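Enquirer: Dumping the structure here so I can ask a few things about it.
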Amino acid sequence: RAGRFAGAYQFTRRNYTRLERIASLGNEVAVSVDQDGYLVLSGPEGANAYVETAPLTFRDIDSDNTIAFRENEDGEITHLFVSGFTDAAFERIAPLQTAQTFNLILGLAGFLSLTTLIAAWSRRFQKRGDEPSAPARYAAWSAIVAALSAVATIGVLTAEMAGAANAGLSYLLVWPSGMIIASQWLAALFALATAGALAGLPASWSLIGGRNGWPISRRLHYTLFAGAAALMLAVMWMWNLIGFKY
């Protein structure tokens, strides 16, 4: 029964439509059920166990603090209310909207971008055969540009978010920073290059055998990279990191 409340929740008082939405990344709490059946609320300040006292209402087993949930007309849990936070509620978010998913997708895209660049560099020293066809060159260069822009975008965003965490509220005085503006241009380049890499997928799989054929390992890697780049593009769009929305 308590499992219906499990999930991730985020403050409703946050920006939804502009680049500032990224500031809420990671500012979430998690609700889970432990082995004893208690509802556990985990956040930046630690974890607390709760026991149900009334429908949709739970009390901390070690204090008088309470939490309550709201459900919609279909019985789905949509919001969390925590005593002590009277100025805002917590909204239930999908797994794709969590910081863990964001970091996982960017980490995967970054790793495949690095391996794409390493493989492209290593092929410079291999014995050249016949001249690659135009589709082969297009697919290869699209992947290289997408990989370079992905690595640069991830690097700039990581540095910017680390700097924002250290600066605190004073960070807002220089918004948008030069690095944020740079990340927007890099993200635009990444979006164009990713579209090119996706467009090159049919060509990469048609280059089987013959003088322009790619080995199966290269075709599989290209497909994984293009897919990871598309996922990274999707989550960046969701967090308003594309489109100069500041």
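Ordering of the structure tokens sets the chain letters (A, B, ...), residue numbers begin anew at 1 in every chain, and ligands are numbered from 1 in the order given.
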Could you pull out the alpha helix (DSSP H) residues of range 4-227 of chain A from DSSP and send them as an MDAnalysis selection string?

Expert: chainID A and resid 99:123 134:167 178:199 201:206 216:227

Enquirer: Contacts of range 152-163 of chain A at 10 Å or less, counting only C-alpha atoms, minus same-chain residues fewer than 3 places along, as a tab-separated table (two decimals) with N, CA, C and O atoms, in the first residue's frame?

Expert:
```
chain	number	residue	atom	x	y	z
A	22	ILE	N	17.18	24.87	-14.70
A	22	ILE	CA	18.30	24.00	-14.37
A	22	ILE	C	18.72	24.16	-12.92
A	22	ILE	O	19.33	23.26	-12.33
A	23	ALA	N	18.38	25.32	-12.31
A	23	ALA	CA	18.74	25.55	-10.92
A	23	ALA	C	18.04	24.57	-9.97
A	23	ALA	O	18.50	24.34	-8.86
A	25	LEU	N	17.63	21.41	-10.63
A	25	LEU	CA	18.16	20.06	-10.83
A	25	LEU	C	18.83	19.56	-9.55
A	25	LEU	O	19.74	20.20	-9.03
A	106	LEU	N	23.91	12.20	-19.58
A	106	LEU	CA	25.05	13.02	-19.99
A	106	LEU	C	26.36	12.26	-19.81
A	106	LEU	O	27.28	12.41	-20.63
A	107	GLY	N	26.44	11.42	-18.79
A	107	GLY	CA	27.64	10.61	-18.61
A	107	GLY	C	27.82	9.61	-19.73
A	107	GLY	O	28.93	9.42	-20.24
A	109	ALA	N	26.50	9.83	-22.80
A	109	ALA	CA	26.80	10.56	-24.03
A	109	ALA	C	28.24	11.06	-24.03
A	109	ALA	O	28.92	11.02	-25.06
A	110	GLY	N	28.73	11.49	-22.87
A	110	GLY	CA	30.11	11.95	-22.78
A	110	GLY	C	31.10	10.83	-23.03
A	110	GLY	O	32.10	11.01	-23.74
A	146	ALA	N	29.52	16.19	-33.62
A	146	ALA	CA	28.59	15.99	-32.51
A	146	ALA	C	29.34	15.60	-31.24
A	146	ALA	O	29.01	16.07	-30.14
A	147	ALA	N	30.35	14.75	-31.37
A	147	ALA	CA	31.12	14.31	-30.20
A	147	ALA	C	31.90	15.49	-29.60
A	147	ALA	O	31.93	15.66	-28.38
A	148	LEU	N	32.53	16.28	-30.44
A	148	LEU	CA	33.29	17.44	-29.94
A	148	LEU	C	32.37	18.42	-29.22
A	148	LEU	O	32.70	18.90	-28.13
A	149	SER	N	31.23	18.73	-29.83
A	149	SER	CA	30.31	19.69	-29.21
A	149	SER	C	29.68	19.12	-27.95
A	149	SER	O	29.41	19.86	-26.99
A	166	ASN	N	29.06	26.99	-5.60
A	166	ASN	CA	30.00	27.65	-4.69
A	166	ASN	C	29.64	29.12	-4.46
A	166	ASN	O	29.87	29.65	-3.37
A	167	ALA	N	29.06	29.76	-5.46
A	167	ALA	CA	28.75	31.20	-5.36
A	167	ALA	C	27.48	31.47	-4.57
A	167	ALA	O	27.32	32.55	-4.00
A	168	GLY	N	26.56	30.50	-4.54
A	168	GLY	CA	25.31	30.71	-3.82
A	168	GLY	C	24.44	31.73	-4.52
A	168	GLY	O	24.41	31.84	-5.75
A	171	TYR	N	25.44	34.32	-7.31
A	171	TYR	CA	25.52	33.89	-8.70
A	171	TYR	C	24.46	34.58	-9.55
A	171	TYR	O	24.67	34.85	-10.74
A	177	SER	N	25.56	34.25	-17.07
A	177	SER	CA	27.00	34.39	-17.12
A	177	SER	C	27.54	34.12	-18.52
A	177	SER	O	26.84	33.59	-19.39
A	178	GLY	N	28.79	34.47	-18.72
A	178	GLY	CA	29.41	34.21	-20.01
A	178	GLY	C	29.45	32.73	-20.36
A	178	GLY	O	29.28	32.35	-21.52
A	179	MET	N	29.66	31.89	-19.35
A	179	MET	CA	29.72	30.45	-19.60
A	179	MET	C	28.34	29.90	-19.98
A	179	MET	O	28.23	28.98	-20.79
A	180	ILE	N	27.28	30.46	-19.39
A	180	ILE	CA	25.93	30.04	-19.74
A	180	ILE	C	25.64	30.39	-21.20
A	180	ILE	O	25.08	29.58	-21.96
A	182	ALA	N	27.87	30.80	-23.53
A	182	ALA	CA	28.70	29.92	-24.34
A	182	ALA	C	28.07	28.53	-24.45
A	182	ALA	O	28.09	27.91	-25.53
A	183	SER	N	27.50	28.05	-23.35
A	183	SER	CA	26.88	26.72	-23.38
A	183	SER	C	25.69	26.68	-24.32
A	183	SER	O	25.41	25.64	-24.94
A	184	GLN	N	24.98	27.81	-24.47
A	184	GLN	CA	23.84	27.85	-25.38
A	184	GLN	C	24.29	27.72	-26.83
A	184	GLN	O	23.65	27.03	-27.63
A	185	TRP	N	25.38	28.38	-27.19
A	185	TRP	CA	25.90	28.26	-28.55
A	185	TRP	C	26.44	26.85	-28.81
A	185	TRP	O	26.25	26.29	-29.89
A	186	LEU	N	27.11	26.29	-27.82
A	186	LEU	CA	27.61	24.92	-27.96
A	186	LEU	C	26.45	23.94	-28.09
A	186	LEU	O	26.51	22.99	-28.88
A	187	ALA	N	25.40	24.17	-27.31
A	187	ALA	CA	24.23	23.28	-27.38
A	187	ALA	C	23.55	23.37	-28.74
A	187	ALA	O	23.07	22.36	-29.26
A	188	ALA	N	23.52	24.57	-29.33
A	188	ALA	CA	22.93	24.72	-30.66
A	188	ALA	C	23.74	23.95	-31.70
A	188	ALA	O	23.19	23.27	-32.57
A	189	LEU	N	25.07	24.05	-31.59
A	189	LEU	CA	25.94	23.29	-32.50
A	189	LEU	C	25.74	21.80	-32.29
A	189	LEU	O	25.69	21.02	-33.26
A	190	PHE	N	25.64	21.38	-31.03
A	190	PHE	CA	25.43	19.97	-30.71
A	190	PHE	C	24.11	19.47	-31.31
A	190	PHE	O	24.04	18.36	-31.83
A	232	MET	N	20.64	12.78	-24.91
A	232	MET	CA	21.19	13.97	-24.28
A	232	MET	C	20.50	15.22	-24.79
A	232	MET	O	20.17	16.13	-24.01
A	241	LEU	N	17.88	23.86	-21.72
A	241	LEU	CA	19.29	24.15	-21.96
A	241	LEU	C	19.58	24.38	-23.44
A	241	LEU	O	20.74	24.59	-23.82
```

Enquirer: Mind pulling up the distance from CA of Phe11 in chain A to CA of Met238 in chain A?

Expert: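 CA of Met238 in chain A sits 16.7 Å away from CA of Phe11 in chain A.
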
Enquirer: Have a look at A:Gly26, A:Gly3, A:Pro176, A:Gly196 and name the one nearest to Ile93 in chain A; count only C-alpha atoms.

Expert: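 That would be A:Gly26, the residue with the smallest distance to Ile93 in chain A.
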
Enquirer: Between CA of Arg70 in chain A and CA of Tyr16 in chain A, measure the distance and give it in Å to one decimal.

Expert: 20.9 Å

Enquirer: Show me, as a count of residues only, the residues that have an atom within 9 Å of Ala143 in chain A when counting only C-alpha atoms, minus same-chain residues fewer than 3 positions from it.

Expert: 18

Enquirer: So that I can see what lies close to range 78-89 of chain A, please list as a PyMOL selection string the residues with an atom at most 12 Å from it, counting only C-alpha atoms and leaving out residues fewer than 4 positions away in the same chain.

Expert: chain A and resi 4-14+28-31+41+43+48+50+56-60+63-74+93-94

Enquirer: Record the distance separating CA of Leu192 in chain A and CA of Asn15 in chain A, expressed in Å with one decimal.

Expert: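 CA of Asn15 in chain A lies at a distance of 26.3 Å from CA of Leu192 in chain A.
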
Enquirer: What's around Ala203 in chain A at 8 Å? Count only C-alpha atoms, leave out sequence neighbours fewer than 2 positions away in its own chain, and write the answer as a PDB file with C-alpha atoms, in the first residue's frame.

Expert:
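Written file, selection10.pdb:
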```pdb
ATOM      1  CA  PRO A 135      27.757   9.131 -47.368  1.00  0.00           C
ATOM      2  CA  ALA A 136      30.554   7.521 -45.349  1.00  0.00           C
ATOM      3  CA  ALA A 139      28.327  10.114 -41.349  1.00  0.00           C
ATOM      4  CA  GLY A 200      23.787   9.400 -41.224  1.00  0.00           C
ATOM      5  CA  LEU A 201      22.466   6.239 -39.576  1.00  0.00           C
ATOM      6  CA  TRP A 205      24.280   0.554 -41.993  1.00  0.00           C
ATOM      7  CA  SER A 206      24.232   0.463 -45.788  1.00  0.00           C
ATOM      8  CA  LEU A 207      28.035   0.465 -45.900  1.00  0.00           C
TER       9      LEU A 207
END
```

Enquirer: Looking only at strand (DSSP E) from DSSP on the backbone, list the matching residues of range 17-243 of chain A as number ranges by chain.

Expert: A: 28-33, 39-43, 46-54, 57-60, 66-71, 77-82, 90-93

Enquirer: Residues of the last selection are to be written out with N, CA, C and O atoms, as a short mmCIF file (atom, residue, chain, number, x, y, z; two decimals), in the first residue's frame.

Expert:
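Result file again_16.cif:
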```
data_model
loop_
_atom_site.label_atom_id
_atom_site.label_comp_id
_atom_site.auth_asym_id
_atom_site.auth_seq_id
_atom_site.Cartn_x
_atom_site.Cartn_y
_atom_site.Cartn_z
N GLU A 28 15.54 17.79 -5.07
CA GLU A 28 14.40 16.89 -5.01
C GLU A 28 14.49 16.02 -3.77
O GLU A 28 15.56 15.86 -3.18
N VAL A 29 13.37 15.46 -3.39
CA VAL A 29 13.34 14.51 -2.28
C VAL A 29 12.81 13.19 -2.82
O VAL A 29 12.09 13.15 -3.83
N ALA A 30 13.19 12.12 -2.17
CA ALA A 30 12.77 10.79 -2.59
C ALA A 30 11.94 10.13 -1.51
O ALA A 30 12.26 10.23 -0.32
N VAL A 31 10.90 9.48 -1.91
CA VAL A 31 10.05 8.73 -1.00
C VAL A 31 10.17 7.25 -1.36
O VAL A 31 10.04 6.87 -2.52
N SER A 32 10.44 6.44 -0.35
CA SER A 32 10.59 5.00 -0.56
C SER A 32 9.98 4.25 0.62
O SER A 32 9.53 4.86 1.60
N VAL A 33 9.98 2.94 0.54
CA VAL A 33 9.45 2.10 1.61
C VAL A 33 10.57 1.19 2.09
O VAL A 33 11.21 0.51 1.27
N LEU A 39 7.40 4.45 5.61
CA LEU A 39 7.64 5.35 4.49
C LEU A 39 8.86 6.20 4.84
O LEU A 39 8.91 6.80 5.91
N VAL A 40 9.83 6.26 3.95
CA VAL A 40 11.08 6.98 4.22
C VAL A 40 11.18 8.17 3.28
O VAL A 40 11.11 8.03 2.06
N LEU A 41 11.35 9.35 3.87
CA LEU A 41 11.53 10.58 3.12
C LEU A 41 13.00 10.96 3.18
O LEU A 41 13.54 11.22 4.26
N SER A 42 13.66 10.97 2.03
CA SER A 42 15.09 11.25 1.96
C SER A 42 15.32 12.55 1.21
O SER A 42 14.73 12.79 0.15
N GLY A 43 16.19 13.40 1.78
CA GLY A 43 16.51 14.68 1.15
C GLY A 43 17.91 15.11 1.51
O GLY A 43 18.69 14.34 2.09
N GLY A 46 19.05 14.48 5.13
CA GLY A 46 19.00 13.14 5.69
C GLY A 46 17.69 12.44 5.39
O GLY A 46 16.91 12.87 4.55
N ALA A 47 17.45 11.34 6.10
CA ALA A 47 16.25 10.52 5.87
C ALA A 47 15.48 10.35 7.16
O ALA A 47 16.06 10.24 8.24
N ASN A 48 14.16 10.33 7.05
CA ASN A 48 13.28 10.13 8.19
C ASN A 48 12.22 9.11 7.83
O ASN A 48 11.74 9.06 6.69
N ALA A 49 11.84 8.30 8.83
CA ALA A 49 10.83 7.27 8.63
C ALA A 49 9.48 7.77 9.14
O ALA A 49 9.40 8.44 10.18
N TYR A 50 8.43 7.41 8.43
CA TYR A 50 7.08 7.88 8.77
C TYR A 50 6.12 6.70 8.82
O TYR A 50 6.28 5.70 8.09
N VAL A 51 5.11 6.84 9.68
CA VAL A 51 4.08 5.83 9.81
C VAL A 51 2.74 6.47 9.49
O VAL A 51 2.50 7.65 9.80
N GLU A 52 1.85 5.73 8.86
CA GLU A 52 0.57 6.29 8.43
C GLU A 52 -0.34 6.49 9.65
O GLU A 52 -0.50 5.62 10.50
N THR A 53 -0.94 7.67 9.72
CA THR A 53 -1.87 7.99 10.80
C THR A 53 -3.28 8.22 10.30
O THR A 53 -4.24 8.19 11.08
N ALA A 54 -3.43 8.50 9.02
CA ALA A 54 -4.72 8.71 8.38
C ALA A 54 -4.52 8.55 6.89
O ALA A 54 -3.38 8.54 6.42
N THR A 57 -1.82 10.58 5.02
CA THR A 57 -1.11 11.36 6.04
C THR A 57 -0.19 10.44 6.85
O THR A 57 -0.59 9.34 7.26
N PHE A 58 1.04 10.91 7.10
CA PHE A 58 2.04 10.12 7.81
C PHE A 58 2.74 11.00 8.85
O PHE A 58 2.90 12.22 8.66
N ARG A 59 3.16 10.39 9.97
CA ARG A 59 3.87 11.09 11.04
C ARG A 59 5.25 10.49 11.23
O ARG A 59 5.43 9.27 11.16
N ASP A 60 6.22 11.37 11.47
CA ASP A 60 7.59 10.94 11.75
C ASP A 60 7.58 10.07 13.01
O ASP A 60 6.99 10.44 14.03
N THR A 66 4.90 15.89 10.25
CA THR A 66 4.00 15.10 9.41
C THR A 66 4.22 15.42 7.94
O THR A 66 4.73 16.48 7.57
N ILE A 67 3.81 14.50 7.10
CA ILE A 67 3.77 14.71 5.66
C ILE A 67 2.42 14.23 5.17
O ILE A 67 1.78 13.36 5.79
N ALA A 68 1.95 14.82 4.08
CA ALA A 68 0.66 14.44 3.52
C ALA A 68 0.78 14.43 2.00
O ALA A 68 1.63 15.13 1.42
N PHE A 69 -0.07 13.64 1.37
CA PHE A 69 -0.04 13.50 -0.07
C PHE A 69 -1.38 13.91 -0.66
O PHE A 69 -2.42 13.85 0.00
N ARG A 70 -1.33 14.33 -1.92
CA ARG A 70 -2.56 14.63 -2.66
C ARG A 70 -2.65 13.66 -3.84
O ARG A 70 -1.65 13.37 -4.48
N GLU A 71 -3.85 13.17 -4.08
CA GLU A 71 -4.07 12.29 -5.21
C GLU A 71 -5.08 12.92 -6.16
O GLU A 71 -5.91 13.73 -5.75
N ILE A 77 -0.94 9.55 -7.03
CA ILE A 77 -0.32 10.53 -6.15
C ILE A 77 0.36 11.61 -6.98
O ILE A 77 1.16 11.32 -7.87
N THR A 78 0.03 12.88 -6.71
CA THR A 78 0.57 13.98 -7.51
C THR A 78 1.42 14.96 -6.71
O THR A 78 2.33 15.58 -7.27
N HIS A 79 1.15 15.12 -5.41
CA HIS A 79 1.87 16.12 -4.62
C HIS A 79 2.18 15.61 -3.22
O HIS A 79 1.51 14.72 -2.70
N LEU A 80 3.22 16.20 -2.67
CA LEU A 80 3.66 15.92 -1.30
C LEU A 80 3.71 17.22 -0.52
O LEU A 80 4.21 18.24 -1.03
N PHE A 81 3.21 17.20 0.70
CA PHE A 81 3.25 18.37 1.58
C PHE A 81 4.00 17.98 2.85
O PHE A 81 3.74 16.94 3.44
N VAL A 82 4.94 18.84 3.25
CA VAL A 82 5.79 18.57 4.40
C VAL A 82 5.59 19.66 5.44
O VAL A 82 5.64 20.86 5.11
N PHE A 90 5.53 19.90 -2.88
CA PHE A 90 6.41 19.10 -3.73
C PHE A 90 5.56 18.40 -4.78
O PHE A 90 4.55 17.78 -4.45
N GLU A 91 5.99 18.49 -6.02
CA GLU A 91 5.28 17.87 -7.13
C GLU A 91 5.98 16.57 -7.52
O GLU A 91 7.21 16.53 -7.63
N ARG A 92 5.21 15.53 -7.73
CA ARG A 92 5.81 14.27 -8.15
C ARG A 92 6.35 14.39 -9.57
O ARG A 92 5.67 14.93 -10.45
N ILE A 93 7.55 13.91 -9.79
CA ILE A 93 8.17 14.03 -11.11
C ILE A 93 8.47 12.64 -11.67
O ILE A 93 8.61 11.67 -10.93
#
```

Enquirer: Using only C-alpha atoms, pick whichever of A:Glu45, A:Leu114, A:Trp175, A:Val235 has the shortest atom-to-atom distance to Gln100 in chain A.

Expert: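 Using only C-alpha atoms, the shortest distance to Gln100 in chain A belongs to A:Val235.
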
Enquirer: Compile the contact shell of Asn240 in chain A as a list in words: residues with an atom at most 7 Å away, counting only C-alpha atoms, same-chain residues fewer than 6 positions apart removed.

Expert: Thr17, Arg18, Leu19 and Arg21 of chain A

Enquirer: Could you turn the residues from that selection into a file that holds C-alpha atoms, as an mmCIF file, in the first residue's frame?

Expert:
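For reference, selection-v8.cif as written:
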```cif
data_model
loop_
_atom_site.group_PDB
_atom_site.id
_atom_site.type_symbol
_atom_site.label_atom_id
_atom_site.label_comp_id
_atom_site.auth_asym_id
_atom_site.auth_seq_id
_atom_site.Cartn_x
_atom_site.Cartn_y
_atom_site.Cartn_z
ATOM 1 C CA THR A 17 9.860 27.606 -19.024
ATOM 2 C CA ARG A 18 13.249 29.338 -18.911
ATOM 3 C CA LEU A 19 16.886 28.376 -18.541
ATOM 4 C CA ARG A 21 14.889 25.660 -14.524
#
```

Enquirer: For a quick check of understanding, using only C-alpha atoms, which of A:Ile105, A:Ala119, A:Ala134, A:Ile144 has the smallest distance to Ala229 in chain A?

Expert: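 Nearest candidate to Ala229 in chain A out of A:Ile105, A:Ala119, A:Ala134, A:Ile144: A:Ile105.
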
Enquirer: Would you please work out which residue, of A:Arg218, A:Glu20, A:Ala234, A:Trp239, is nearest to Arg123 in chain A when using only C-alpha atoms?

Expert: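 For Arg123 in chain A, the nearest of the candidates is A:Arg218.
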